Amino acid sequence: MAEEVYRVTGMTCGHCAQHVTSEVQKLPGVTGVDVDVERGRVTVRSDAGLPTADVRAAVENAGYDMVDA
């Protein structure tokens with residue numbers, strides 16, 4: 001199992017978190033998503049590591065931006 005934490009900007013509320021979670025959960029192999037709106041962090045658990053580009057695309061589909069570490 002893999003776990004990665006990503007920085008995401010633009011999230012301000014629970015609805016934002018729900019939208020990001022919904023999009024990221026669509027990625028194959030994702031087993032869990034936790035969003036910390038206050039810190040601007042999205043933690044993604046998966047069966048194996050996910051390509052960062054795939055996570056970025058899901059976050060952008062939700063209407064937010066992922067910041068490089």
# chains A, B, ... in the order shown; residues from 1 in each chain; ligands from 1

$ select_by_dssp --residues "range 1-67 of chain A" --states "alpha helix (DSSP H)" --output "ChimeraX atom specification"
/A:14-24,52-61

$ residues_around --residues "Val20 in chain A" --least-positions-apart "3" --cutoff "8 Å" --atoms "only C-alpha atoms" --output "mmCIF file with C-alpha atoms, in the first residue's frame"
data_model
loop_
_atom_site.group_PDB
_atom_site.id
_atom_site.type_symbol
_atom_site.label_atom_id
_atom_site.label_comp_id
_atom_site.auth_asym_id
_atom_site.auth_seq_id
_atom_site.Cartn_x
_atom_site.Cartn_y
_atom_site.Cartn_z
ATOM 1 C CA CYS A 16 -14.278 21.750 -1.788
ATOM 2 C CA ALA A 17 -12.974 18.711 0.086
ATOM 3 C CA GLU A 23 -12.475 13.170 -8.387
ATOM 4 C CA VAL A 24 -9.383 11.534 -6.858
ATOM 5 C CA VAL A 35 -8.532 16.227 2.569
ATOM 6 C CA ALA A 58 -8.052 14.733 -10.967
ATOM 7 C CA VAL A 59 -7.457 17.758 -8.708
ATOM 8 C CA ALA A 62 -12.281 19.244 -9.414
ATOM 9 C CA TYR A 64 -8.272 23.283 -7.872
#

$ closest_residue --among "A:Val44, A:Leu50, A:Met1, A:Ala57" --to "Gln25 in chain A" --atoms "only C-alpha atoms"
A:Val44

$ closest_residue --among "A:Asp47, A:Asp68, A:Glu60, A:Asp54" --to "Leu27 in chain A" --atoms "only C-alpha atoms"
A:Asp54
